[in-house]
file protein.cif (mmCIF, C-alpha atoms)
data_start
#
loop_
_atom_site.label_atom_id
_atom_site.label_comp_id
_atom_site.auth_asym_id
_atom_site.auth_seq_id
_atom_site.Cartn_x
_atom_site.Cartn_y
_atom_site.Cartn_z
CA GLY R 5 -10.55 13.56 -5.72
CA ASP R 6 -6.94 13.14 -4.76
CA SER R 7 -4.71 11.19 -7.12
CA VAL R 8 -1.11 10.09 -7.70
CA THR R 9 0.56 9.61 -11.07
CA GLN R 10 3.92 7.93 -11.37
CA MET R 11 6.01 7.03 -14.37
CA GLU R 12 5.22 3.71 -15.97
CA GLY R 13 7.80 1.02 -16.00
CA PRO R 14 9.48 -1.20 -16.23
CA VAL R 15 12.71 0.66 -15.66
CA THR R 16 15.90 -1.28 -16.36
CA LEU R 17 19.26 0.08 -15.21
CA SER R 18 22.79 -1.16 -14.85
CA GLU R 19 24.36 -1.36 -11.41
CA GLU R 20 25.69 2.00 -10.16
CA ALA R 21 23.44 3.98 -12.53
CA PHE R 22 21.44 7.00 -11.35
CA LEU R 23 17.75 6.41 -10.66
CA THR R 24 14.83 8.79 -10.97
CA ILE R 25 11.20 7.70 -10.68
CA ASN R 26 8.79 10.55 -11.28
CA CYS R 27 5.72 11.08 -9.12
CA THR R 28 3.19 13.90 -9.30
CA TYR R 29 0.04 14.34 -7.27
CA THR R 30 -3.27 16.16 -7.12
CA ALA R 31 -4.66 16.87 -3.67
CA THR R 32 -6.76 19.26 -1.68
CA GLY R 33 -5.26 20.51 1.52
CA TYR R 34 -1.74 19.63 2.60
CA PRO R 35 -1.05 15.93 2.16
CA SER R 36 1.80 13.84 3.44
CA LEU R 37 3.73 12.00 0.74
CA PHE R 38 5.29 8.54 0.86
CA TRP R 39 7.39 6.13 -1.15
CA TYR R 40 6.87 2.43 -0.53
CA VAL R 41 8.91 -0.49 -1.92
CA GLN R 42 7.64 -4.00 -2.64
CA TYR R 43 10.08 -6.87 -3.13
CA PRO R 44 8.84 -9.96 -5.01
CA GLY R 45 6.23 -11.94 -3.10
CA GLU R 46 6.18 -9.55 -0.16
CA GLY R 47 4.08 -6.73 1.23
CA LEU R 48 4.92 -3.04 1.01
CA GLN R 49 7.60 -1.43 3.15
CA LEU R 50 7.77 2.26 3.86
CA LEU R 51 10.88 3.65 2.17
CA LEU R 52 10.62 7.34 3.05
CA LYS R 53 8.13 10.10 3.73
CA ALA R 54 7.71 13.88 3.79
CA THR R 55 4.99 15.74 5.62
CA LYS R 56 5.27 19.32 4.37
CA ALA R 57 6.53 21.39 1.47
CA ASP R 58 10.32 21.38 0.93
CA ASP R 59 10.80 18.44 3.29
CA LYS R 60 13.29 15.86 2.03
CA GLY R 61 12.73 12.23 2.95
CA SER R 62 15.70 9.90 2.78
CA ASN R 63 16.52 6.28 3.53
CA LYS R 64 18.99 3.65 2.26
CA GLY R 65 20.47 6.13 -0.24
CA PHE R 66 17.07 7.05 -1.69
CA GLU R 67 15.80 10.62 -1.53
CA ALA R 68 12.65 12.51 -2.45
CA THR R 69 11.76 16.19 -1.96
CA TYR R 70 8.21 17.45 -1.43
CA ARG R 71 7.76 20.13 -4.11
CA LYS R 72 4.48 21.95 -3.66
CA GLU R 73 5.03 24.33 -6.57
CA THR R 74 5.31 21.45 -9.02
CA THR R 75 3.15 19.00 -6.99
CA SER R 76 5.90 16.42 -7.28
CA PHE R 77 7.75 13.92 -5.11
CA HIS R 78 10.32 12.28 -7.40
CA LEU R 79 12.38 9.37 -6.04
CA GLU R 80 16.13 9.45 -6.67
CA LYS R 81 19.16 7.33 -5.89
CA GLY R 82 22.68 8.11 -6.97
CA SER R 83 23.94 4.56 -7.48
CA VAL R 84 21.53 1.62 -7.66
CA GLN R 85 22.37 -1.94 -6.72
CA VAL R 86 20.94 -5.27 -7.89
CA SER R 87 19.26 -5.56 -4.49
CA ASP R 88 17.19 -2.44 -5.29
CA SER R 89 15.21 -4.39 -7.87
CA ALA R 90 11.59 -4.09 -6.74
CA VAL R 91 8.33 -2.26 -7.40
CA TYR R 92 8.17 1.29 -6.06
CA PHE R 93 4.88 3.00 -5.12
CA CYS R 94 4.30 6.69 -4.57
CA ALA R 95 1.41 7.51 -2.21
CA LEU R 96 -0.28 10.42 -0.50
CA SER R 97 -2.42 10.84 2.59
CA GLY R 98 -4.54 13.93 2.73
CA GLY R 99 -5.80 13.50 6.24
CA ASN R 100 -9.46 13.51 7.22
CA TYR R 101 -10.07 16.89 5.60
CA GLY R 102 -8.47 16.10 2.28
CA GLY R 103 -9.97 14.57 -0.83
CA SER R 104 -8.74 11.10 0.10
CA GLN R 105 -11.03 10.90 3.15
CA GLY R 106 -8.13 9.94 5.35
CA ASN R 107 -7.01 7.03 3.20
CA LEU R 108 -3.74 6.41 1.38
CA ILE R 109 -3.90 7.02 -2.35
CA PHE R 110 -1.36 4.97 -4.33
CA GLY R 111 0.18 5.33 -7.74
CA LYS R 112 0.19 2.22 -9.94
CA GLY R 113 3.78 1.34 -9.13
CA THR R 114 7.01 1.34 -11.13
CA LYS R 115 8.99 -1.86 -11.53
CA LEU R 116 12.75 -1.40 -11.33
CA SER R 117 15.19 -4.03 -12.54
CA VAL R 118 18.90 -3.52 -11.92
CA LYS R 119 21.34 -5.62 -13.95
CA PRO R 120 24.85 -6.50 -12.72
CA ASP K 19 9.00 -7.87 17.18
CA GLY K 20 5.89 -5.84 16.41
CA GLY K 21 4.26 -6.31 13.07
CA ILE K 22 1.40 -7.54 10.97
CA THR K 23 0.85 -11.24 10.30
CA GLN K 24 -1.25 -12.44 7.42
CA SER K 25 -2.22 -16.06 6.94
CA PRO K 26 -2.24 -18.20 5.00
CA LYS K 27 0.39 -17.12 2.48
CA TYR K 28 -1.39 -19.04 -0.30
CA LEU K 29 -5.09 -19.89 -0.46
CA PHE K 30 -7.22 -21.72 -2.98
CA ARG K 31 -10.95 -21.28 -3.39
CA LYS K 32 -13.45 -23.55 -5.03
CA GLU K 33 -16.42 -22.22 -6.95
CA GLY K 34 -19.24 -21.10 -4.63
CA GLN K 35 -17.04 -21.18 -1.54
CA ASN K 36 -16.39 -18.43 0.97
CA VAL K 37 -12.84 -18.11 2.27
CA THR K 38 -11.44 -16.03 5.12
CA LEU K 39 -8.07 -14.32 5.17
CA SER K 40 -6.53 -13.63 8.54
CA CYS K 41 -4.79 -10.41 9.60
CA GLU K 42 -3.35 -9.86 13.07
CA GLN K 43 -1.30 -6.92 14.36
CA ASN K 44 0.55 -6.36 17.63
CA LEU K 45 1.43 -2.73 16.97
CA ASN K 46 -1.48 -1.43 19.08
CA HIS K 47 -2.76 0.43 16.01
CA ASP K 48 -6.35 1.64 15.92
CA ALA K 49 -6.80 1.62 12.15
CA MET K 50 -6.62 -1.39 9.84
CA TYR K 51 -7.05 -1.81 6.09
CA TRP K 52 -7.50 -4.42 3.38
CA TYR K 53 -6.19 -3.90 -0.17
CA ARG K 54 -6.38 -5.93 -3.32
CA GLN K 55 -3.41 -5.88 -5.70
CA ASP K 56 -3.71 -6.92 -9.35
CA PRO K 57 -0.85 -6.72 -11.86
CA GLY K 58 -0.50 -3.21 -13.29
CA GLN K 59 -3.32 -1.77 -11.19
CA GLY K 60 -1.58 -0.84 -7.99
CA LEU K 61 -3.47 -1.21 -4.71
CA ARG K 62 -7.22 -0.83 -4.34
CA LEU K 63 -8.91 -0.35 -0.98
CA ILE K 64 -11.52 -2.98 -0.07
CA TYR K 65 -12.47 -2.10 3.52
CA TYR K 66 -11.01 -0.15 6.40
CA SER K 67 -11.64 0.11 10.11
CA GLN K 68 -10.87 3.15 12.21
CA ILE K 69 -11.63 1.51 15.52
CA VAL K 70 -12.94 -1.69 17.05
CA ASN K 71 -16.52 -2.61 16.07
CA ASP K 72 -16.51 -0.13 13.21
CA PHE K 73 -15.59 -0.46 9.51
CA GLN K 74 -16.29 1.30 6.22
CA LYS K 75 -16.38 0.23 2.59
CA GLY K 76 -13.51 1.19 0.36
CA ASP K 77 -13.49 1.48 -3.41
CA ILE K 78 -14.15 -2.20 -4.24
CA ALA K 79 -16.12 -3.69 -1.31
CA GLU K 80 -18.61 -5.72 -3.36
CA GLY K 81 -18.20 -9.47 -2.78
CA TYR K 82 -16.17 -8.98 0.42
CA SER K 83 -17.02 -8.73 4.13
CA VAL K 84 -15.02 -7.91 7.26
CA SER K 85 -15.35 -7.80 11.03
CA ARG K 86 -13.44 -5.96 13.73
CA GLU K 87 -14.29 -7.56 17.05
CA LYS K 88 -10.81 -7.12 18.50
CA LYS K 89 -8.30 -4.31 18.08
CA GLU K 90 -5.58 -6.64 16.86
CA SER K 91 -7.64 -8.63 14.33
CA PHE K 92 -9.30 -7.67 11.04
CA PRO K 93 -10.28 -10.78 9.01
CA LEU K 94 -11.47 -10.50 5.42
CA THR K 95 -14.00 -12.92 3.92
CA VAL K 96 -14.06 -13.32 0.16
CA THR K 97 -17.59 -14.46 -0.59
CA SER K 98 -18.92 -16.46 -3.52
CA ALA K 99 -20.37 -13.19 -4.83
CA GLN K 100 -16.85 -12.04 -5.72
CA LYS K 101 -16.60 -13.42 -9.25
CA ASN K 102 -12.96 -12.60 -9.86
CA PRO K 103 -11.19 -13.20 -6.54
CA THR K 104 -7.78 -14.20 -7.88
CA ALA K 105 -5.40 -11.53 -6.57
CA PHE K 106 -2.81 -10.66 -3.96
CA TYR K 107 -4.43 -9.38 -0.75
CA LEU K 108 -2.60 -7.02 1.58
CA CYS K 109 -3.54 -6.03 5.11
CA ALA K 110 -2.19 -2.85 6.70
CA SER K 111 -2.51 -0.87 9.89
CA SER K 112 -1.76 2.64 11.10
CA VAL K 113 -1.72 4.43 14.43
CA GLY K 114 -4.89 6.28 13.54
CA HIS K 115 -6.98 6.90 10.47
CA GLY K 116 -6.59 10.21 8.68
CA ASP K 117 -3.62 11.38 10.70
CA ASN K 118 -1.24 11.41 7.72
CA GLN K 119 0.85 8.67 9.32
CA PRO K 120 2.25 5.81 7.25
CA GLN K 121 0.62 2.43 7.03
CA HIS K 122 2.44 -0.77 7.91
CA PHE K 123 1.84 -3.81 5.72
CA GLY K 124 1.76 -7.57 6.14
CA ASP K 125 3.39 -9.95 3.65
CA GLY K 126 0.12 -10.69 1.86
CA THR K 127 -2.06 -13.66 0.93
CA ARG K 128 -2.23 -14.89 -2.66
CA LEU K 129 -5.70 -16.21 -3.47
CA SER K 130 -6.32 -18.42 -6.48
CA ILE K 131 -9.32 -20.26 -7.91
CA LEU K 132 -9.26 -24.04 -8.18
#

call {"tool": "encode", "arguments": {"input": "protein.cif", "output": "structure tokens"}}
result
Amino acid sequence: GDSVTQMEGPVTLSEEAFLTINCTYTATGYPSLFWYVQYPGEGLQLLLKATKADDKGSNKGFEATYRKETTSFHLEKGSVQVSDSAVYFCALSGGNYGGSQGNLIFGKGTKLSVKP
Amino acid sequence: DGGITQSPKYLFRKEGQNVTLSCEQNLNHDAMYWYRQDPGQGLRLIYYSQIVNDFQKGDIAEGYSVSREKKESFPLTVTSAQKNPTAFYLCASSVGHGDNQPQHFGDGTRLSIL
């Protein structure tokens, strides 16, 4: 079935450092890809999404490009802030005809800590 | 503001007791979902509902039950058959199921055993 693999954390960076969180996927069909962020004690918030190959999702300085050739959707940010400390989840939705049976498939999450 | 409201934020269960977690949405979404989150394991799907009066089991439905009598409400009951219920429970909704649209999440309910 469909699956998502993202780099294990925790990731610790200094403020203003460059961030990359790797995410690769396995899916039948043509899934949509998402990054969600979870701040401590809260639910998940959609950070960005991409619905087809070569699409770039972006929001709040974060970016991710849908790479079909490498089945990847890596999250990047040029200069992180302390307020970016959170857990980041990569996810895919394959639609009703994909291996995920219409459901969201999540990676296990990557915890990011940004130090001042 | 439109959104998803989960209550209570914290819940305690005694041995042998059933407890019900509330989830309400005013987004006019057809599809709703319940996830369980344990440390280091990401999110696991318990149940989902594509439309009123219909629901399907997810990956870890044993020991849980749901109902969908109204479009805006999707309560989850953690029964006494669930032997390890301590976890963070998240409710979500989406416009439709299987349409590749994002899901919107509530702020969660943390369930603990007394």

call {"tool": "resolve_selection", "arguments": {"input": "protein.cif", "expression": "the PyMOL selection byres ((chain K and resi 80) around 12)", "output": "MDAnalysis selection string"}}
result
chainID K and resid 63:65 75:79 81:84 95:103

call {"tool": "interface_residues", "arguments": {"input": "protein.cif", "of": "chain R", "to": "chain K", "cutoff": "6 Å", "atoms": "all atoms listed in the file", "output": "list of chain:residue names"}}
result
R:Ser36, R:Glu46, R:Gly47, R:Leu48, R:Ser97, R:Gly99, R:Asn100, R:Gly106, R:Lys112, R:Gly113

call {"tool": "residues_around", "arguments": {"input": "protein.cif", "residues": "stretch 75-77 of chain R", "least_positions_apart": "6", "cutoff": "7 Å", "atoms": "only C-alpha atoms", "output": "MDAnalysis selection string"}}
result
chainID R and resid 27:29 68:69

call {"tool": "atom_distance", "arguments": {"input": "protein.cif", "atom1": "atom CA of R:Cys94", "atom2": "atom CA of R:Phe110"}}
result
5.9 Å

call {"tool": "resolve_selection", "arguments": {"input": "protein.cif", "expression": "the PyMOL selection byres ((chain R and resi 115) around 7)", "output": "PyMOL selection string"}}
result
chain R and resi 13-15+90-92+113-114+116-117

call {"tool": "atom_distance", "arguments": {"input": "protein.cif", "atom1": "atom CA of K:Lys32", "atom2": "atom CA of K:Ser85"}}
result
22.6 Å

call {"tool": "atom_distance", "arguments": {"input": "protein.cif", "atom1": "atom CA of K:Pro93", "atom2": "atom CA of R:Leu108"}}
result
19.9 Å

call {"tool": "residues_near_point", "arguments": {"input": "protein.cif", "point": "(22.5, -3.5, -1.0)", "cutoff": "12 Å", "atoms": "only C-alpha atoms", "output": "ChimeraX atom specification"}}
result
/R:19-20,64-66,83-89,118

call {"tool": "axis_aligned_box", "arguments": {"input": "protein.cif", "around": "stretch 69-85 of chain R", "padding_each_side": "8 Å", "output": "JSON"}}
result
{"center_x": 13.5, "center_y": 11.2, "center_z": -5.2, "size_x": 36.8, "size_y": 42.3, "size_z": 23.6}

call {"tool": "closest_residue", "arguments": {"input": "protein.cif", "among": "K:Ala105, K:Leu129, K:Leu45, K:Leu29", "to": "K:Lys89", "atoms": "all atoms listed in the file"}}
result
K:Leu45

call {"tool": "resolve_selection", "arguments": {"input": "protein.cif", "expression": "the PyMOL selection byres ((chain R and resi 40) around 8)", "output": "list in words"}}
result
Phe38, Trp39, Val41, Gln42, Leu48, Gln49, Leu50, Leu51, Leu52, Tyr92, Phe93, Cys94 and Ala95 of chain R
